[in-house]
Amino acid sequence: MLIRLLTLCALLAHACAATAARLEVPLRVSLDTLREAFNAQLAGYKDGPCRRLSLKPAALESREGHLHLAIPGSGALGVELAGKCQTAATWEGTMHFTLAPRIDEAGRVRVSIVDSRASGMAPALWNAAKRHLHPRLERFSYDLGASRDALAGLLRGAAPPLHAAAMELALQRLNVLAPKVEASHVLVPVAIDVPDAWLAAATPSAAAGASAPLTEAELDALEKALEPWDAFLVTIVRQVAADGEDSALRQRLFTLLLDSRYRLSAMLAGDEPVVQEDPLRALFLDTWSELRTILLEAQRAGTLPPSLLRYALFIDAADALAAVEKAAPGLPLSAEGLRQLARSLNPGEGDPLAYDWSVDRDLSRLFEVEEIPQTEPAPAPAAPTSWLDFFISRAYADNPLDRWVPTRQELASYEARIGDLLQKTAVGELQRGSVAAPYDRVYRHLVPTTALIESCWKQYIVRDGKVTYLRSQSSSVGIMQINQRVWRGFYDIERVRWDTAYNVRAGAQILMRYLKDYAIPYAQKTGKPEDVARAGYAVYNAGPRAVGRFDKSPPHPREARVDEKLLNLYRGIAGGSQVDLANCGVTTPGKSSAARAQ
């Protein structure tokens, strides 16, 4: 039944044609998963006080195209006389079985015994053990359809209902090929004769990549199309991080999430081409390979218990979707398909694609994003303030920086207050972040440098006669240009927009993390101390994958201009130059903003 369901992914276009092409979808069952199944189904025995076989957890590996099952244990074979056990033979060692996997008619993995032996076991005891274990091994099965309903929902969700009849017709034509034992899994090839017309219809058009800027309507539609992917990925990484409870695993998941979100932002900002026919599937395929590697390595390392069989279902289902797309590119992946895939990993969740902007405290805790306490009411007006507010008071009693758009004559006062806030925030983060010299000095200078290149130290601007928060095309806001999509769920979006001190603190937190996790390790590899500042900002600007972008050959022209500007600003601030907000740069020490403004 399950094997038939796998073909639903491939049947997403038109009704059958006369000719057909063979499509193979590989279904993989990890050796770790099979080992756990063997351990669950095999047991020793005790036949009175004198005949026993005790088994310990088995080991399973691939050897020359077969499965090798090694079962350590101990046993005894004797007779009972006058109420006492007269032991004739005892044993302690390991039994070895060479097995060939096969698939039965119901789609379950079974095994045939090719060879068996036991080290140091007397023939009589081995014969008794074989009479017990051989039938158990021949009855062993691993149900590929352990969660048929979840997988069926996933694959049906990826297919248009219009073609249900054609799908059912094609189900009758599938062919399950012989399983193959590979290094870390058993591969079950599932072949189906797919009409050529379906594959032709699934081929993307030459205009798949967007070359012209998106219209506002297209941008809104794209944003709505991408939201399910981000919600899906958050659901998955949160679940894996909670199950894994390992700092290295969580760091890899966090990096994966950040890179995906930076890419989403780049697509929406027009900095990265968009496959307009199906951006959801493109993101899934690009991310799945890396996520799959993370999951399998975590299982092998023991940080994700192999006993969590829902991971086997999740990996197999996602593998099937990825394999079909590679064989027939361009097939649409629906949001419902992602929803069912996420539910296969955690059936008890609510809607795994629920998308909102509130702070997710579980997500913050798992990935160690410190909550910023609210020491004063966060200014979050329902609508931007008016010109009257702009001309009268910039300074609220509790926070004089909020809603302050300085005039040219006010730049010196504004610069002093913002500069003081940036420096105090950097010092505070250093006390919490424990960055050793000389990196502490780099960080102190990089915080104001980042604010300068990102926003010219501006939290607010005047637009259409009203004071509002500064926002970029990529949805980054405020003085530190906190990207709302990248940090959705980690920070309070309203406070990021309207609370200057909160925005600075959030940006300083992010920058500290980027230095420790990415920039310092990169600079230690290159042996160039100045690379800490360059790499730290590169990650801040474009995500972890950009950590060494300034060393690319040839460099990307736009990235090279940004990186060169950052380096010049950083060197100026680190060397004691004065920040020049009038020109969003630095100038020689001693020349104040007041003097420059005159």
# chains A, B, ... in the order shown; residues from 1 in each chain; ligands from 1

$ select_by_dssp --residues "segment 264-505 of chain A" --states "strand (DSSP E or B)" --output "count of residues only"
15

$ residues_around --residues "segment 52-63 of chain A" --least-positions-apart "6" --cutoff "8 Å" --atoms "only C-alpha atoms" --output "count of residues only"
24

$ closest_residue --among "A:Val176, A:Pro49, A:Arg28, A:Ala266" --to "Phe314 of chain A" --atoms "only C-alpha atoms"
A:Arg28

$ closest_atom_pairs --of "segment 242-265 of chain A" --to "segment 347-364 of chain A" --cutoff "12 Å" --atoms "only C-alpha atoms" --output "JSON lines"
{"residue": "A:Ala242", "atom": "CA", "partner": "A:Asp362", "partner_atom": "CA", "distance": 9.1}
{"residue": "A:Arg250", "atom": "CA", "partner": "A:Leu363", "partner_atom": "CA", "distance": 10.9}
{"residue": "A:Leu253", "atom": "CA", "partner": "A:Leu363", "partner_atom": "CA", "distance": 11.5}
{"residue": "A:Phe254", "atom": "CA", "partner": "A:Leu363", "partner_atom": "CA", "distance": 10.0}
{"residue": "A:Leu257", "atom": "CA", "partner": "A:Leu363", "partner_atom": "CA", "distance": 11.4}

$ atom_distance --atom1 "atom CA of Pro373 of chain A" --atom2 "atom CA of Ala506 of chain A"
11.1 Å

$ residues_around --residues "segment 513-530 of chain A" --least-positions-apart "6" --cutoff "9 Å" --atoms "only C-alpha atoms" --output "PDB file with C-alpha atoms, in the first residue's frame"
ATOM      1  CA  GLN A 251      23.852  25.197  16.204  1.00  0.00           C
ATOM      2  CA  GLY A 433      29.016  37.393  26.119  1.00  0.00           C
ATOM      3  CA  VAL A 435      34.521  37.540  24.337  1.00  0.00           C
ATOM      4  CA  PRO A 438      41.522  41.102  21.154  1.00  0.00           C
ATOM      5  CA  TYR A 439      38.028  40.270  19.901  1.00  0.00           C
ATOM      6  CA  VAL A 442      36.722  44.432  17.577  1.00  0.00           C
ATOM      7  CA  TYR A 443      33.190  44.000  18.863  1.00  0.00           C
ATOM      8  CA  GLY A 536      31.018  39.402  11.401  1.00  0.00           C
ATOM      9  CA  TYR A 537      29.375  42.062   9.275  1.00  0.00           C
ATOM     10  CA  ALA A 538      29.146  39.781   6.212  1.00  0.00           C
ATOM     11  CA  VAL A 539      27.058  37.321   8.255  1.00  0.00           C
ATOM     12  CA  TYR A 540      25.001  40.170   9.728  1.00  0.00           C
ATOM     13  CA  PRO A 544      26.093  32.483   7.777  1.00  0.00           C
ATOM     14  CA  VAL A 547      30.936  34.575   6.249  1.00  0.00           C
ATOM     15  CA  GLY A 548      33.892  34.656   3.827  1.00  0.00           C
ATOM     16  CA  LEU A 567      36.076  48.014   6.271  1.00  0.00           C
TER      17      LEU A 567
END

$ select_by_dssp --residues "segment 419-472 of chain A" --states "alpha helix (DSSP H)" --output "ChimeraX atom specification"
/A:419-433,439-455

$ write_last_selection --atoms "N, CA, C and O atoms" --output "short mmCIF file (atom, residue, chain, number, x, y, z; two decimals), in the first residue's frame"
data_model
loop_
_atom_site.label_atom_id
_atom_site.label_comp_id
_atom_site.auth_asym_id
_atom_site.auth_seq_id
_atom_site.Cartn_x
_atom_site.Cartn_y
_atom_site.Cartn_z
N GLY A 419 25.47 57.62 20.05
CA GLY A 419 26.79 57.03 20.24
C GLY A 419 26.97 56.46 21.63
O GLY A 419 27.54 55.37 21.81
N ASP A 420 26.46 57.18 22.62
CA ASP A 420 26.54 56.70 24.00
C ASP A 420 25.73 55.41 24.17
O ASP A 420 26.18 54.46 24.84
N LEU A 421 24.53 55.37 23.58
CA LEU A 421 23.70 54.17 23.67
C LEU A 421 24.39 52.98 23.01
O LEU A 421 24.41 51.87 23.56
N LEU A 422 24.97 53.20 21.84
CA LEU A 422 25.66 52.11 21.14
C LEU A 422 26.83 51.58 21.95
O LEU A 422 27.03 50.36 22.08
N GLN A 423 27.63 52.48 22.51
CA GLN A 423 28.80 52.05 23.27
C GLN A 423 28.40 51.33 24.56
O GLN A 423 28.96 50.27 24.90
N LYS A 424 27.42 51.87 25.28
CA LYS A 424 26.98 51.22 26.52
C LYS A 424 26.37 49.85 26.24
O LYS A 424 26.57 48.91 27.01
N THR A 425 25.63 49.76 25.15
CA THR A 425 25.04 48.47 24.80
C THR A 425 26.13 47.46 24.45
O THR A 425 26.06 46.29 24.86
N ALA A 426 27.15 47.90 23.71
CA ALA A 426 28.25 47.00 23.36
C ALA A 426 28.97 46.51 24.60
O ALA A 426 29.30 45.32 24.73
N VAL A 427 29.23 47.41 25.55
CA VAL A 427 29.91 47.03 26.78
C VAL A 427 29.06 46.03 27.57
O VAL A 427 29.57 45.03 28.10
N GLY A 428 27.75 46.28 27.62
CA GLY A 428 26.87 45.36 28.32
C GLY A 428 26.86 43.97 27.70
O GLY A 428 26.89 42.96 28.41
N GLU A 429 26.83 43.90 26.38
CA GLU A 429 26.86 42.60 25.71
C GLU A 429 28.19 41.89 25.92
O GLU A 429 28.23 40.66 26.03
N LEU A 430 29.27 42.64 25.96
CA LEU A 430 30.58 42.03 26.23
C LEU A 430 30.61 41.41 27.62
O LEU A 430 31.20 40.34 27.83
N GLN A 431 30.01 42.07 28.58
CA GLN A 431 29.97 41.52 29.93
C GLN A 431 29.16 40.23 29.97
O GLN A 431 29.50 39.30 30.70
N ARG A 432 28.10 40.15 29.17
CA ARG A 432 27.30 38.93 29.14
C ARG A 432 27.88 37.88 28.21
O ARG A 432 27.68 36.68 28.42
N GLY A 433 28.58 38.33 27.15
CA GLY A 433 29.02 37.39 26.12
C GLY A 433 30.38 36.78 26.28
O GLY A 433 30.72 35.83 25.59
N TYR A 439 39.32 40.22 20.58
CA TYR A 439 38.03 40.27 19.90
C TYR A 439 37.05 41.21 20.61
O TYR A 439 36.09 41.69 19.98
N ASP A 440 37.25 41.46 21.88
CA ASP A 440 36.37 42.39 22.59
C ASP A 440 36.46 43.80 22.00
O ASP A 440 35.46 44.49 21.84
N ARG A 441 37.69 44.21 21.64
CA ARG A 441 37.86 45.53 21.03
C ARG A 441 37.22 45.59 19.65
O ARG A 441 36.62 46.60 19.27
N VAL A 442 37.36 44.49 18.89
CA VAL A 442 36.72 44.43 17.58
C VAL A 442 35.21 44.62 17.72
O VAL A 442 34.59 45.40 16.99
N TYR A 443 34.63 43.92 18.67
CA TYR A 443 33.19 44.00 18.86
C TYR A 443 32.75 45.40 19.25
O TYR A 443 31.75 45.92 18.74
N ARG A 444 33.47 46.04 20.18
CA ARG A 444 33.09 47.40 20.61
C ARG A 444 33.06 48.37 19.44
O ARG A 444 32.19 49.23 19.37
N HIS A 445 33.99 48.23 18.53
CA HIS A 445 34.01 49.13 17.37
C HIS A 445 33.02 48.69 16.29
O HIS A 445 32.52 49.54 15.53
N LEU A 446 32.74 47.38 16.23
CA LEU A 446 31.88 46.88 15.16
C LEU A 446 30.41 47.23 15.39
O LEU A 446 29.65 47.40 14.43
N VAL A 447 29.99 47.33 16.64
CA VAL A 447 28.59 47.68 16.91
C VAL A 447 28.24 49.05 16.32
O VAL A 447 27.29 49.16 15.53
N PRO A 448 28.96 50.14 16.63
CA PRO A 448 28.62 51.42 16.01
C PRO A 448 28.88 51.43 14.50
O PRO A 448 28.17 52.13 13.76
N THR A 449 29.88 50.68 14.05
CA THR A 449 30.14 50.62 12.61
C THR A 449 28.96 50.00 11.88
O THR A 449 28.54 50.48 10.82
N THR A 450 28.45 48.91 12.43
CA THR A 450 27.30 48.24 11.81
C THR A 450 26.09 49.16 11.76
O THR A 450 25.39 49.25 10.74
N ALA A 451 25.83 49.87 12.86
CA ALA A 451 24.70 50.81 12.88
C ALA A 451 24.90 51.92 11.86
O ALA A 451 23.94 52.39 11.24
N LEU A 452 26.15 52.33 11.65
CA LEU A 452 26.43 53.42 10.71
C LEU A 452 26.20 52.99 9.27
O LEU A 452 25.54 53.69 8.49
N ILE A 453 26.72 51.82 8.91
CA ILE A 453 26.57 51.38 7.52
C ILE A 453 25.15 50.93 7.23
O ILE A 453 24.65 51.07 6.10
N GLU A 454 24.45 50.44 8.25
CA GLU A 454 23.09 49.94 8.04
C GLU A 454 22.07 51.07 7.96
O GLU A 454 21.14 51.01 7.14
N SER A 455 22.21 52.09 8.81
CA SER A 455 21.13 53.08 8.90
C SER A 455 21.58 54.51 9.07
O SER A 455 20.74 55.41 9.17
#
